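Student: Sharing my_file.pdb (PDB, N, CA, C and O atoms) below.
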ATOM      1  N   MET A   1     109.027  80.114  99.218
ATOM      2  CA  MET A   1     109.313  80.804 100.456
ATOM      3  C   MET A   1     109.279  82.303 100.207
ATOM      4  O   MET A   1     109.888  82.799  99.265
ATOM      5  N   VAL A   2     108.569  83.013 101.042
ATOM      6  CA  VAL A   2     108.516  84.473 100.937
ATOM      7  C   VAL A   2     109.643  85.049 101.785
ATOM      8  O   VAL A   2     109.819  84.683 102.948
ATOM      9  N   TYR A   3     110.427  85.937 101.179
ATOM     10  CA  TYR A   3     111.561  86.572 101.845
ATOM     11  C   TYR A   3     111.394  88.084 101.760
ATOM     12  O   TYR A   3     111.160  88.622 100.677
ATOM     13  N   ARG A   4     111.521  88.761 102.890
ATOM     14  CA  ARG A   4     111.376  90.215 102.953
ATOM     15  C   ARG A   4     112.729  90.858 103.254
ATOM     16  O   ARG A   4     113.482  90.357 104.081
ATOM     17  N   PHE A   5     112.985  91.964 102.562
ATOM     18  CA  PHE A   5     114.272  92.655 102.687
ATOM     19  C   PHE A   5     114.023  94.151 102.752
ATOM     20  O   PHE A   5     113.216  94.687 101.998
ATOM     21  N   ARG A   6     114.702  94.830 103.680
ATOM     22  CA  ARG A   6     114.588  96.279 103.802
ATOM     23  C   ARG A   6     115.779  96.924 103.090
ATOM     24  O   ARG A   6     116.910  96.844 103.552
ATOM     25  N   PRO A   7     115.526  97.555 101.924
ATOM     26  CA  PRO A   7     116.614  98.170 101.165
ATOM     27  C   PRO A   7     117.163  99.426 101.856
ATOM     28  O   PRO A   7     116.478 100.032 102.685
ATOM     29  N   GLU A   8     118.383  99.786 101.505
ATOM     30  CA  GLU A   8     119.037 100.971 102.067
ATOM     31  C   GLU A   8     119.514 101.879 100.944
ATOM     32  O   GLU A   8     119.986 101.418  99.915
ATOM     33  N   GLY A   9     119.375 103.192 101.154
ATOM     34  CA  GLY A   9     119.908 104.177 100.216
ATOM     35  C   GLY A   9     119.060 104.410  98.979
ATOM     36  O   GLY A   9     119.531 105.018  98.018
ATOM     37  N   VAL A  10     117.799 103.923  98.984
ATOM     38  CA  VAL A  10     116.912 104.078  97.832
ATOM     39  C   VAL A  10     115.526 104.517  98.303
ATOM     40  O   VAL A  10     115.242 104.540  99.494
ATOM     41  N   CYS A  11     114.655 104.831  97.370
ATOM     42  CA  CYS A  11     113.299 105.287  97.693
ATOM     43  C   CYS A  11     112.392 104.162  98.175
ATOM     44  O   CYS A  11     111.478 104.398  98.958
ATOM     45  N   SER A  12     112.610 102.958  97.685
ATOM     46  CA  SER A  12     111.738 101.843  98.074
ATOM     47  C   SER A  12     111.957 101.502  99.547
ATOM     48  O   SER A  12     113.046 101.674 100.084
ATOM     49  N   GLN A  13     110.877 100.992 100.174
ATOM     50  CA  GLN A  13     110.935 100.678 101.601
ATOM     51  C   GLN A  13     111.037  99.183 101.895
ATOM     52  O   GLN A  13     111.508  98.797 102.948
ATOM     53  N   GLU A  14     110.575  98.345 100.971
ATOM     54  CA  GLU A  14     110.622  96.906 101.212
ATOM     55  C   GLU A  14     110.625  96.146  99.887
ATOM     56  O   GLU A  14     109.964  96.543  98.936
ATOM     57  N   ILE A  15     111.374  95.042  99.888
ATOM     58  CA  ILE A  15     111.409  94.130  98.745
ATOM     59  C   ILE A  15     110.867  92.790  99.248
ATOM     60  O   ILE A  15     111.345  92.267 100.257
ATOM     61  N   VAL A  16     109.864  92.267  98.547
ATOM     62  CA  VAL A  16     109.256  90.999  98.929
ATOM     63  C   VAL A  16     109.459  90.022  97.774
ATOM     64  O   VAL A  16     108.962  90.245  96.667
ATOM     65  N   LEU A  17     110.177  88.955  98.055
ATOM     66  CA  LEU A  17     110.493  87.940  97.050
ATOM     67  C   LEU A  17     109.815  86.625  97.402
ATOM     68  O   LEU A  17     109.787  86.230  98.570
ATOM     69  N   ASP A  18     109.280  85.959  96.408
ATOM     70  CA  ASP A  18     108.779  84.598  96.564
ATOM     71  C   ASP A  18     109.710  83.715  95.746
ATOM     72  O   ASP A  18     109.798  83.865  94.518
ATOM     73  N   ILE A  19     110.421  82.829  96.444
ATOM     74  CA  ILE A  19     111.447  82.011  95.797
ATOM     75  C   ILE A  19     111.161  80.543  96.071
ATOM     76  O   ILE A  19     110.887  80.156  97.205
ATOM     77  N   GLU A  20     111.236  79.749  95.014
ATOM     78  CA  GLU A  20     111.074  78.297  95.141
ATOM     79  C   GLU A  20     112.133  77.616  94.291
ATOM     80  O   GLU A  20     112.266  77.918  93.100
ATOM     81  N   GLY A  21     112.884  76.733  94.912
ATOM     82  CA  GLY A  21     113.890  75.972  94.166
ATOM     83  C   GLY A  21     114.931  76.829  93.480
ATOM     84  O   GLY A  21     115.402  76.479  92.396
ATOM     85  N   GLY A  22     115.290  77.948  94.100
ATOM     86  CA  GLY A  22     116.301  78.826  93.507
ATOM     87  C   GLY A  22     115.791  79.666  92.344
ATOM     88  O   GLY A  22     116.572  80.297  91.639
ATOM     89  N   ILE A  23     114.467  79.699  92.153
ATOM     90  CA  ILE A  23     113.842  80.453  91.063
ATOM     91  C   ILE A  23     112.945  81.546  91.663
ATOM     92  O   ILE A  23     112.174  81.285  92.593
ATOM     93  N   VAL A  24     113.041  82.753  91.122
ATOM     94  CA  VAL A  24     112.179  83.846  91.565
ATOM     95  C   VAL A  24     110.785  83.619  90.984
ATOM     96  O   VAL A  24     110.597  83.633  89.769
ATOM     97  N   GLN A  25     109.825  83.377  91.871
ATOM     98  CA  GLN A  25     108.440  83.166  91.454
ATOM     99  C   GLN A  25     107.672  84.483  91.386
ATOM    100  O   GLN A  25     106.783  84.647  90.558
ATOM    101  N   ASP A  26     108.028  85.422  92.286
ATOM    102  CA  ASP A  26     107.339  86.709  92.327
ATOM    103  C   ASP A  26     108.234  87.732  93.010
ATOM    104  O   ASP A  26     109.066  87.375  93.848
ATOM    105  N   LEU A  27     108.066  88.978  92.642
ATOM    106  CA  LEU A  27     108.805  90.092  93.229
ATOM    107  C   LEU A  27     107.859  91.266  93.368
ATOM    108  O   LEU A  27     107.170  91.627  92.408
ATOM    109  N   LYS A  28     107.831  91.848  94.562
ATOM    110  CA  LYS A  28     107.080  93.076  94.797
ATOM    111  C   LYS A  28     108.012  94.051  95.496
ATOM    112  O   LYS A  28     108.733  93.667  96.419
ATOM    113  N   VAL A  29     108.007  95.289  95.044
ATOM    114  CA  VAL A  29     108.804  96.328  95.671
ATOM    115  C   VAL A  29     107.842  97.402  96.158
ATOM    116  O   VAL A  29     107.066  97.945  95.369
ATOM    117  N   ILE A  30     107.895  97.679  97.455
ATOM    118  CA  ILE A  30     107.028  98.686  98.059
ATOM    119  C   ILE A  30     107.758 100.017  98.018
ATOM    120  O   ILE A  30     108.863 100.152  98.540
ATOM    121  N   GLY A  31     107.134 101.018  97.394
ATOM    122  CA  GLY A  31     107.764 102.324  97.230
ATOM    123  C   GLY A  31     108.629 102.334  95.983
ATOM    124  O   GLY A  31     108.700 101.362  95.240
ATOM    125  N   GLY A  32     109.273 103.429  95.731
ATOM    126  CA  GLY A  32     110.144 103.531  94.561
ATOM    127  C   GLY A  32     109.367 103.887  93.300
ATOM    128  O   GLY A  32     108.209 104.290  93.353
ATOM    129  N   CYS A  33     109.982 103.737  92.171
ATOM    130  CA  CYS A  33     109.397 104.074  90.868
ATOM    131  C   CYS A  33     108.499 102.922  90.410
ATOM    132  O   CYS A  33     108.981 101.937  89.843
ATOM    133  N   SER A  34     107.228 103.048  90.646
ATOM    134  CA  SER A  34     106.275 101.957  90.478
ATOM    135  C   SER A  34     106.345 101.274  89.112
ATOM    136  O   SER A  34     106.459 100.052  89.027
ATOM    137  N   GLY A  35     106.251 102.030  88.046
ATOM    138  CA  GLY A  35     106.233 101.441  86.710
ATOM    139  C   GLY A  35     107.516 100.688  86.394
ATOM    140  O   GLY A  35     107.472  99.556  85.893
ATOM    141  N   ASN A  36     108.647 101.293  86.695
ATOM    142  CA  ASN A  36     109.932 100.635  86.432
ATOM    143  C   ASN A  36     110.078  99.355  87.243
ATOM    144  O   ASN A  36     110.529  98.331  86.729
ATOM    145  N   LEU A  37     109.676  99.413  88.506
ATOM    146  CA  LEU A  37     109.832  98.246  89.363
ATOM    147  C   LEU A  37     108.849  97.135  89.006
ATOM    148  O   LEU A  37     109.174  95.957  89.120
ATOM    149  N   GLN A  38     107.666  97.497  88.524
ATOM    150  CA  GLN A  38     106.732  96.482  88.040
ATOM    151  C   GLN A  38     107.315  95.790  86.804
ATOM    152  O   GLN A  38     107.172  94.578  86.635
ATOM    153  N   GLY A  39     107.966  96.563  85.951
ATOM    154  CA  GLY A  39     108.605  95.988  84.762
ATOM    155  C   GLY A  39     109.726  95.038  85.136
ATOM    156  O   GLY A  39     109.822  93.933  84.581
ATOM    157  N   ILE A  40     110.565  95.438  86.078
ATOM    158  CA  ILE A  40     111.652  94.566  86.535
ATOM    159  C   ILE A  40     111.072  93.298  87.139
ATOM    160  O   ILE A  40     111.543  92.190  86.857
ATOM    161  N   ALA A  41     110.018  93.448  87.972
ATOM    162  CA  ALA A  41     109.383  92.284  88.600
ATOM    163  C   ALA A  41     108.887  91.299  87.544
ATOM    164  O   ALA A  41     109.070  90.092  87.672
ATOM    165  N   SER A  42     108.291  91.809  86.503
ATOM    166  CA  SER A  42     107.784  90.957  85.434
ATOM    167  C   SER A  42     108.926  90.232  84.715
ATOM    168  O   SER A  42     108.817  89.054  84.386
ATOM    169  N   LEU A  43     110.025  90.933  84.504
ATOM    170  CA  LEU A  43     111.157  90.358  83.779
ATOM    171  C   LEU A  43     111.893  89.282  84.570
ATOM    172  O   LEU A  43     112.412  88.328  83.982
ATOM    173  N   VAL A  44     111.967  89.425  85.902
ATOM    174  CA  VAL A  44     112.749  88.465  86.687
ATOM    175  C   VAL A  44     111.959  87.222  87.090
ATOM    176  O   VAL A  44     112.553  86.232  87.527
ATOM    177  N   LYS A  45     110.650  87.234  86.914
ATOM    178  CA  LYS A  45     109.857  86.047  87.257
ATOM    179  C   LYS A  45     110.313  84.871  86.411
ATOM    180  O   LYS A  45     110.473  84.973  85.198
ATOM    181  N   GLY A  46     110.559  83.753  87.094
ATOM    182  CA  GLY A  46     111.010  82.547  86.401
ATOM    183  C   GLY A  46     112.511  82.454  86.224
ATOM    184  O   GLY A  46     113.011  81.453  85.711
ATOM    185  N   MET A  47     113.242  83.490  86.639
ATOM    186  CA  MET A  47     114.701  83.477  86.493
ATOM    187  C   MET A  47     115.363  82.857  87.713
ATOM    188  O   MET A  47     114.863  82.951  88.829
ATOM    189  N   LYS A  48     116.544  82.269  87.495
ATOM    190  CA  LYS A  48     117.352  81.758  88.592
ATOM    191  C   LYS A  48     117.916  82.934  89.382
ATOM    192  O   LYS A  48     118.237  83.985  88.812
ATOM    193  N   ILE A  49     118.067  82.728  90.678
ATOM    194  CA  ILE A  49     118.584  83.779  91.565
ATOM    195  C   ILE A  49     119.890  84.351  91.040
ATOM    196  O   ILE A  49     120.063  85.565  90.965
ATOM    197  N   ASP A  50     120.835  83.495  90.683
ATOM    198  CA  ASP A  50     122.153  83.972  90.246
ATOM    199  C   ASP A  50     122.075  84.793  88.965
ATOM    200  O   ASP A  50     122.851  85.736  88.785
ATOM    201  N   GLU A  51     121.156  84.468  88.082
ATOM    202  CA  GLU A  51     120.985  85.251  86.848
ATOM    203  C   GLU A  51     120.480  86.656  87.170
ATOM    204  O   GLU A  51     120.930  87.639  86.576
ATOM    205  N   VAL A  52     119.531  86.751  88.092
ATOM    206  CA  VAL A  52     118.990  88.058  88.482
ATOM    207  C   VAL A  52     120.092  88.900  89.124
ATOM    208  O   VAL A  52     120.275  90.070  88.784
ATOM    209  N   ILE A  53     120.853  88.288  90.035
ATOM    210  CA  ILE A  53     121.948  89.010  90.687
ATOM    211  C   ILE A  53     122.923  89.537  89.648
ATOM    212  O   ILE A  53     123.327  90.704  89.688
ATOM    213  N   GLU A  54     123.304  88.693  88.704
ATOM    214  CA  GLU A  54     124.273  89.075  87.670
ATOM    215  C   GLU A  54     123.783  90.271  86.849
ATOM    216  O   GLU A  54     124.544  91.169  86.521
ATOM    217  N   LYS A  55     122.501  90.290  86.534
ATOM    218  CA  LYS A  55     121.956  91.356  85.692
ATOM    219  C   LYS A  55     121.744  92.674  86.444
ATOM    220  O   LYS A  55     121.863  93.745  85.864
ATOM    221  N   LEU A  56     121.411  92.603  87.743
ATOM    222  CA  LEU A  56     121.017  93.814  88.470
ATOM    223  C   LEU A  56     122.101  94.399  89.365
ATOM    224  O   LEU A  56     122.048  95.585  89.694
ATOM    225  N   LYS A  57     123.072  93.602  89.755
ATOM    226  CA  LYS A  57     124.105  94.056  90.690
ATOM    227  C   LYS A  57     124.921  95.208  90.106
ATOM    228  O   LYS A  57     125.355  95.163  88.962
ATOM    229  N   GLY A  58     125.093  96.238  90.923
ATOM    230  CA  GLY A  58     125.951  97.360  90.543
ATOM    231  C   GLY A  58     125.254  98.488  89.803
ATOM    232  O   GLY A  58     125.865  99.518  89.535
ATOM    233  N   ILE A  59     123.977  98.333  89.475
ATOM    234  CA  ILE A  59     123.246  99.412  88.802
ATOM    235  C   ILE A  59     123.085 100.569  89.785
ATOM    236  O   ILE A  59     122.751 100.374  90.943
ATOM    237  N   ARG A  60     123.329 101.772  89.295
ATOM    238  CA  ARG A  60     123.237 102.965  90.146
ATOM    239  C   ARG A  60     122.054 103.819  89.723
ATOM    240  O   ARG A  60     121.634 103.780  88.580
ATOM    241  N   CYS A  61     121.546 104.598  90.662
ATOM    242  CA  CYS A  61     120.448 105.533  90.400
ATOM    243  C   CYS A  61     120.997 106.942  90.534
ATOM    244  O   CYS A  61     121.272 107.406  91.644
ATOM    245  N   GLY A  62     121.197 107.599  89.410
ATOM    246  CA  GLY A  62     121.746 108.953  89.443
ATOM    247  C   GLY A  62     123.101 108.969  90.117
ATOM    248  O   GLY A  62     123.996 108.207  89.774
ATOM    249  N   PHE A  63     123.228 109.831  91.129
ATOM    250  CA  PHE A  63     124.500 109.963  91.849
ATOM    251  C   PHE A  63     124.591 109.046  93.062
ATOM    252  O   PHE A  63     125.588 109.047  93.768
ATOM    253  N   LYS A  64     123.548 108.258  93.303
ATOM    254  CA  LYS A  64     123.564 107.317  94.428
ATOM    255  C   LYS A  64     124.501 106.158  94.111
ATOM    256  O   LYS A  64     124.704 105.807  92.957
ATOM    257  N   SER A  65     125.031 105.551  95.150
ATOM    258  CA  SER A  65     125.934 104.416  94.953
ATOM    259  C   SER A  65     125.175 103.103  94.751
ATOM    260  O   SER A  65     125.784 102.062  94.527
ATOM    261  N   THR A  66     123.850 103.160  94.802
ATOM    262  CA  THR A  66     123.018 101.976  94.641
ATOM    263  C   THR A  66     121.733 102.357  93.907
ATOM    264  O   THR A  66     121.583 103.508  93.487
ATOM    265  N   SER A  67     120.836 101.403  93.739
ATOM    266  CA  SER A  67     119.544 101.642  93.091
ATOM    267  C   SER A  67     118.586 100.550  93.565
ATOM    268  O   SER A  67     119.002  99.586  94.228
ATOM    269  N   CYS A  68     117.329 100.672  93.226
ATOM    270  CA  CYS A  68     116.385  99.602  93.574
ATOM    271  C   CYS A  68     116.781  98.271  92.922
ATOM    272  O   CYS A  68     116.772  97.244  93.607
ATOM    273  N   PRO A  69     117.170  98.247  91.641
ATOM    274  CA  PRO A  69     117.630  96.976  91.073
ATOM    275  C   PRO A  69     118.841  96.407  91.815
ATOM    276  O   PRO A  69     118.909  95.202  92.082
ATOM    277  N   ASP A  70     119.798  97.264  92.177
ATOM    278  CA  ASP A  70     120.968  96.816  92.934
ATOM    279  C   ASP A  70     120.536  96.255  94.288
ATOM    280  O   ASP A  70     121.066  95.237  94.743
ATOM    281  N   GLN A  71     119.559  96.895  94.927
ATOM    282  CA  GLN A  71     119.068  96.415  96.216
ATOM    283  C   GLN A  71     118.345  95.077  96.071
ATOM    284  O   GLN A  71     118.399  94.235  96.967
ATOM    285  N   ILE A  72     117.692  94.850  94.942
ATOM    286  CA  ILE A  72     117.085  93.540  94.683
ATOM    287  C   ILE A  72     118.184  92.479  94.629
ATOM    288  O   ILE A  72     118.043  91.397  95.199
ATOM    289  N   SER A  73     119.295  92.795  93.984
ATOM    290  CA  SER A  73     120.408  91.834  93.929
ATOM    291  C   SER A  73     120.957  91.588  95.332
ATOM    292  O   SER A  73     121.279  90.452  95.680
ATOM    293  N   LYS A  74     121.035  92.626  96.145
ATOM    294  CA  LYS A  74     121.510  92.462  97.528
ATOM    295  C   LYS A  74     120.533  91.612  98.340
ATOM    296  O   LYS A  74     120.941  90.789  99.159
ATOM    297  N   ALA A  75     119.239  91.806  98.109
ATOM    298  CA  ALA A  75     118.229  90.989  98.790
ATOM    299  C   ALA A  75     118.416  89.519  98.436
ATOM    300  O   ALA A  75     118.360  88.643  99.316
ATOM    301  N   LEU A  76     118.667  89.239  97.166
ATOM    302  CA  LEU A  76     118.861  87.857  96.731
ATOM    303  C   LEU A  76     120.157  87.264  97.273
ATOM    304  O   LEU A  76     120.205  86.090  97.657
ATOM    305  N   GLU A  77     121.207  88.063  97.337
ATOM    306  CA  GLU A  77     122.464  87.584  97.922
ATOM    307  C   GLU A  77     122.276  87.255  99.402
ATOM    308  O   GLU A  77     122.771  86.234  99.886
ATOM    309  N   THR A  78     121.547  88.116 100.111
ATOM    310  CA  THR A  78     121.277  87.879 101.526
ATOM    311  C   THR A  78     120.424  86.630 101.697
ATOM    312  O   THR A  78     120.674  85.805 102.594
ATOM    313  N   TYR A  79     119.428  86.471 100.852
ATOM    314  CA  TYR A  79     118.583  85.277 100.886
ATOM    315  C   TYR A  79     119.443  84.019 100.725
ATOM    316  O   TYR A  79     119.285  83.043 101.459
ATOM    317  N   LYS A  80     120.344  84.040  99.750
ATOM    318  CA  LYS A  80     121.195  82.877  99.493
ATOM    319  C   LYS A  80     122.014  82.515 100.735
ATOM    320  O   LYS A  80     122.150  81.346 101.071
ATOM    321  N   LYS A  81     122.550  83.524 101.421
ATOM    322  CA  LYS A  81     123.357  83.281 102.617
ATOM    323  C   LYS A  81     122.515  82.702 103.752
ATOM    324  O   LYS A  81     122.985  81.858 104.508
ATOM    325  N   GLU A  82     121.295  83.187 103.883
ATOM    326  CA  GLU A  82     120.449  82.793 105.012
ATOM    327  C   GLU A  82     119.662  81.507 104.766
ATOM    328  O   GLU A  82     119.448  80.747 105.691
ATOM    329  N   ALA A  83     119.198  81.313 103.559
ATOM    330  CA  ALA A  83     118.236  80.236 103.315
ATOM    331  C   ALA A  83     118.778  79.034 102.548
ATOM    332  O   ALA A  83     118.146  77.996 102.518
ATOM    333  N   MET A  84     119.909  79.185 101.910
ATOM    334  CA  MET A  84     120.374  78.075 101.069
ATOM    335  C   MET A  84     121.548  77.362 101.708
ATOM    336  O   MET A  84     122.238  77.775 102.497
TER     337      MET A  84
END
In structure tokens, write the structure found in this file.
Tutor:
Amino acid sequence: MVYRFRPEGVCSQEIVLDIEGGIVQDLKVIGGCSGNLQGIASLVKGMKIDEVIEKLKGIRCGFKSTSCPDQISKALETYKKEAM
């Protein structure tokens, strides 16, 4: 299932997740720090949703209260509430 999420408080404009059976199959982040986000996308492929949330939740970007990784965790939490 493809799930789209609009992040807040960060440079990225959209997070697109492909999730099957509670496993992240693919992640694309539109906008933001391209190289870093491609690396994160590669690392989370094949991981369980809860593992990704645990690793990324609470990460901050500079003086911001959130970051693109934190927003990915929020996208997954929202997905869990809506789809599971």
Student: Name the residues that the PyMOL selection byres ((chain A and resi 20-31) around 7) pulls out of this structure, and write them as a VMD selection string.
Tutor: chain A and resid 1 11 to 19 32 to 34 37 to 38 40 to 42 44 to 50
Student: With only C-alpha atoms as the counted atoms, please give the residues lying no more than 9 Å from range 62-64 of chain A, apart from itself and same-chain residues fewer than 3 positions off, as a VMD selection string.
Tutor: chain A and resid 9 to 10 67
Student: Can you check which residues of chain A DSSP gives as strand (DSSP E) on the backbone and send them as a ChimeraX atom specification?
Tutor: /A:2-5,14-20,23-30
Student: For the file shown, what are the residues hit by the PyMOL selection byres (((chain A and resi 59 and name CA) around 12) and name CA), laid out as a PyMOL selection string?
Tutor: chain A and resi 10+53-58+60-74
Student: Using DSSP on the backbone coordinates, identify the residues of chain A assigned to helix (DSSP H, G or I); present them as a ChimeraX atom specification.
Tutor: /A:34-44,49-56,68-83
Student: Rounded to one decimal in Å, what is the spacing between CA of Met84 in chain A and atom O of Gly35 in chain A?
Tutor: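 Distance reported for this atom pair: 29.3 Å.
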Student: Would you work out the distance separating CA of Val2 in chain A from atom O of Lys81 in chain A, expressed in Å to one decimal?
Tutor: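 Atom O of Lys81 in chain A lies at a distance of 15.1 Å from CA of Val2 in chain A.
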Student: Measure the distance from CA of Val52 in chain A to atom O of Glu82 in chain A in Å and round it to one decimal.
Tutor: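 It comes out at 18.7 Å.
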Student: Work out where the centre of an axis-aligned box around every listed atom of range 9-15 of chain A lies and how long its edges are once 3 Å is added on each side; give both in Å to one decimal as JSON.
Tutor:
{"center_x": 114.9, "center_y": 98.8, "center_z": 100.2, "size_x": 15.9, "size_y": 19.0, "size_z": 11.6}
